[in-house]
Amino acid sequence: MILDEAGMARTDDFAQLVDLAEQHQWRLVAVGDPAQLPAVGRGGVFAHWCDTLPHHRLDTPRRFTEPWEADASLALRDGDPTAADTYGEHGRLHSIHPALVAAAIADVHQAQVGRGRTVAITTNTADMARTLNTEIQRRLDRHDPRRHRSDRRTLADGTHVVVGDTVATRRNDPSFLTDRGDPVRNRHTWNVTALIADGSLTVTHPDRGTVTLPGGYVDRHVELGWAVTGYGNQGDTVDIGLAILEPGTTRNHAYVALTRGRLANNAWIPDPIGIADPATALAEIIDRTPRASSALATQAALHRAAGVEAPWGLGRERPAQTRTPLKPDRPNQTSPPAPPTPALSELDEKVAAMQARFDRLQGAPTRETPDLDRGLSR
């Protein structure tokens, strides 16, 4: 079982997948980049696995046409603020007044699409994405009068859609399958090919195929999709990447937004005063990361803070001799026994030492060793 974009998986979802893998003796292969956007909700499991378990790392970017951009993307990923200077020196960073962002992005989008290039526009917020989408649609209406005479379908956020527009679906629904058998998923983008009288939309994608979305789904879960947030673009590869790095943008978001394009990636940084250096602004973003920590990673940090070695399952790599696959490679192969559980007294001592360390830091009196068996049935 392969889980792509594993960094965006919530802890609860990961737990269910691990349970399924154990029940069915499957191998679970998690693929992704822990430096990209984290899960919406509790997450951090994939990043913790990358920190503590053996894994394979692909560290040679092959997406970019320009070698310098491949190197800059790795520096950005690793939190090196000098990456901002590299992007700036190559003319990829632009400071702009917030009121002019939509027009500037729409101009660039129109020019690049006119040259036959694919474009990904990545924002930090849904509000900015809606503003950009509305402006792009307005430009299309202005340059193609036939669109004014076309049927229109109003969407949930008050915008409208006509044939030829790009939309995004915002809810997984495996009951809707394309003619190629692909299910409709959250954040997929599509081109609208038909508006049906009952409110349905027929949409298509060159890789996924064509599907008709029922009116009820369109009412609640479809929006314009030229510009989307980083979570919508994270898995995409296009010709040109356009990023809007709004206030509050983190390194994870900037890393995703500035690495979608093969030929070029540009970033616009809103500046209401007009005096900010865009390279300095990006360097500050690079220093800002919200990398999620799983409960296990947090426990490991607490062990380290107390000066106590964490069990292998928390903050350090599992011993090689106990590392076994979920499913034996051969029918008669048996897995070696699990590592022995430390004696209760040893755990008591570790917990007491950790608590004493915290108490000293907080100026609280030292507590007695807790009874770990309290409340447990015997």
# chains A, B, ... in the order shown; residues from 1 in each chain; ligands from 1
>>> select_by_dssp(residues="segment 118-148 of chain A", states="alpha helix (DSSP H)", output="ChimeraX atom specification")
/A:126-143
>>> residues_around(residues="Val161 of chain A", least_positions_apart="6", cutoff="7 Å", atoms="only C-alpha atoms", output="list of chain:residue names")
A:Arg152, A:Arg153, A:Thr154
>>> write_last_selection(atoms="all heavy atoms", output="compact mmCIF listing (two decimals), in the first residue's frame")
# COMPACT_ATOMS: atom_id res chain seq x y z
N ARG A 152 -24.61 30.66 -17.46
CA ARG A 152 -23.77 30.78 -16.27
C ARG A 152 -24.36 29.96 -15.14
O ARG A 152 -25.57 29.82 -15.03
CB ARG A 152 -23.64 32.24 -15.83
CG ARG A 152 -22.96 33.12 -16.87
CD ARG A 152 -22.63 34.48 -16.33
NE ARG A 152 -21.83 35.24 -17.28
CZ ARG A 152 -21.02 36.23 -16.95
NH1 ARG A 152 -20.92 36.60 -15.68
NH2 ARG A 152 -20.31 36.85 -17.86
N ARG A 153 -23.47 29.46 -14.31
CA ARG A 153 -23.88 28.66 -13.15
C ARG A 153 -23.28 29.30 -11.91
O ARG A 153 -22.06 29.46 -11.81
CB ARG A 153 -23.38 27.22 -13.32
CG ARG A 153 -23.59 26.32 -12.11
CD ARG A 153 -25.07 25.98 -11.94
NE ARG A 153 -25.27 24.75 -11.19
CZ ARG A 153 -25.28 24.67 -9.86
NH1 ARG A 153 -25.06 25.76 -9.13
NH2 ARG A 153 -25.51 23.51 -9.29
N THR A 154 -24.14 29.70 -10.97
CA THR A 154 -23.65 30.32 -9.74
C THR A 154 -23.12 29.26 -8.79
O THR A 154 -23.72 28.19 -8.63
CB THR A 154 -24.78 31.12 -9.05
OG1 THR A 154 -25.26 32.11 -9.96
CG2 THR A 154 -24.27 31.80 -7.79
>>> residues_around(residues="Leu263 of chain A", least_positions_apart="6", cutoff="6 Å", atoms="only C-alpha atoms", output="list in words")
Thr65, Asp239 and Ile240 of chain A
>>> residues_around(residues="segment 199-204 of chain A", least_positions_apart="6", cutoff="9 Å", atoms="only C-alpha atoms", output="number ranges by chain")
A: 153, 166-167, 178, 189-193, 210-219
>>> atom_distance(atom1="atom CA of Thr125 of chain A", atom2="atom CA of Thr250 of chain A")
12.1 Å
>>> select_by_dssp(residues="segment 88-223 of chain A", states="strand (DSSP E)", output="PyMOL selection string")
chain A and resi 93-96+119-123+153-154+160-161+166-169+173-177+183-184+189-195+201-205+209-213+222-223
>>> residues_around(residues="Pro34 of chain A", least_positions_apart="3", cutoff="10 Å", atoms="only C-alpha atoms", output="list in words")
Glu5, Ala6, Gly7, Met8, Val31, Leu37, Pro38, Gly44, Val45, Phe46, Ala47, His48, Trp49, Cys50, Asp51, Arg77, Asn252, Arg291 and Ala292 of chain A
>>> closest_residue(among="A:Thr237, A:Thr134, A:Thr259, A:Ser150", to="Glu223 of chain A", atoms="only C-alpha atoms")
A:Thr134
>>> residues_around(residues="Gln112 of chain A", least_positions_apart="4", cutoff="12 Å", atoms="only C-alpha atoms", output="PyMOL selection string")
chain A and resi 105-108+116-121+238-242+263-264
>>> residues_around(residues="Trp68 of chain A", least_positions_apart="6", cutoff="10 Å", atoms="only C-alpha atoms", output="list in words")
Thr86, Tyr87 and His90 of chain A
>>> write_last_selection(atoms="N, CA, C and O atoms", output="short mmCIF file (atom, residue, chain, number, x, y, z; two decimals), in the first residue's frame")
data_model
loop_
_atom_site.label_atom_id
_atom_site.label_comp_id
_atom_site.auth_asym_id
_atom_site.auth_seq_id
_atom_site.Cartn_x
_atom_site.Cartn_y
_atom_site.Cartn_z
N THR A 86 19.34 34.34 -3.80
CA THR A 86 19.47 33.69 -5.10
C THR A 86 18.24 33.96 -5.97
O THR A 86 18.36 34.32 -7.15
N TYR A 87 17.06 33.79 -5.39
CA TYR A 87 15.84 34.08 -6.15
C TYR A 87 15.80 35.55 -6.56
O TYR A 87 15.40 35.89 -7.68
N HIS A 90 18.06 36.52 -9.51
CA HIS A 90 17.58 36.04 -10.81
C HIS A 90 16.23 36.66 -11.18
O HIS A 90 15.56 36.20 -12.12
#
>>> atom_distance(atom1="atom CA of Asp157 of chain A", atom2="atom CA of Trp226 of chain A")
15.1 Å
>>> atom_distance(atom1="atom CA of Arg142 of chain A", atom2="atom CA of Leu100 of chain A")
18.4 Å
>>> closest_residue(among="A:Leu93, A:Ala111, A:Ala72, A:Leu53", to="Ile269 of chain A", atoms="only C-alpha atoms")
A:Leu93
>>> closest_residue(among="A:Val162, A:Ala84, A:Val308, A:Ala301", to="Ala267 of chain A", atoms="only C-alpha atoms")
A:Ala84
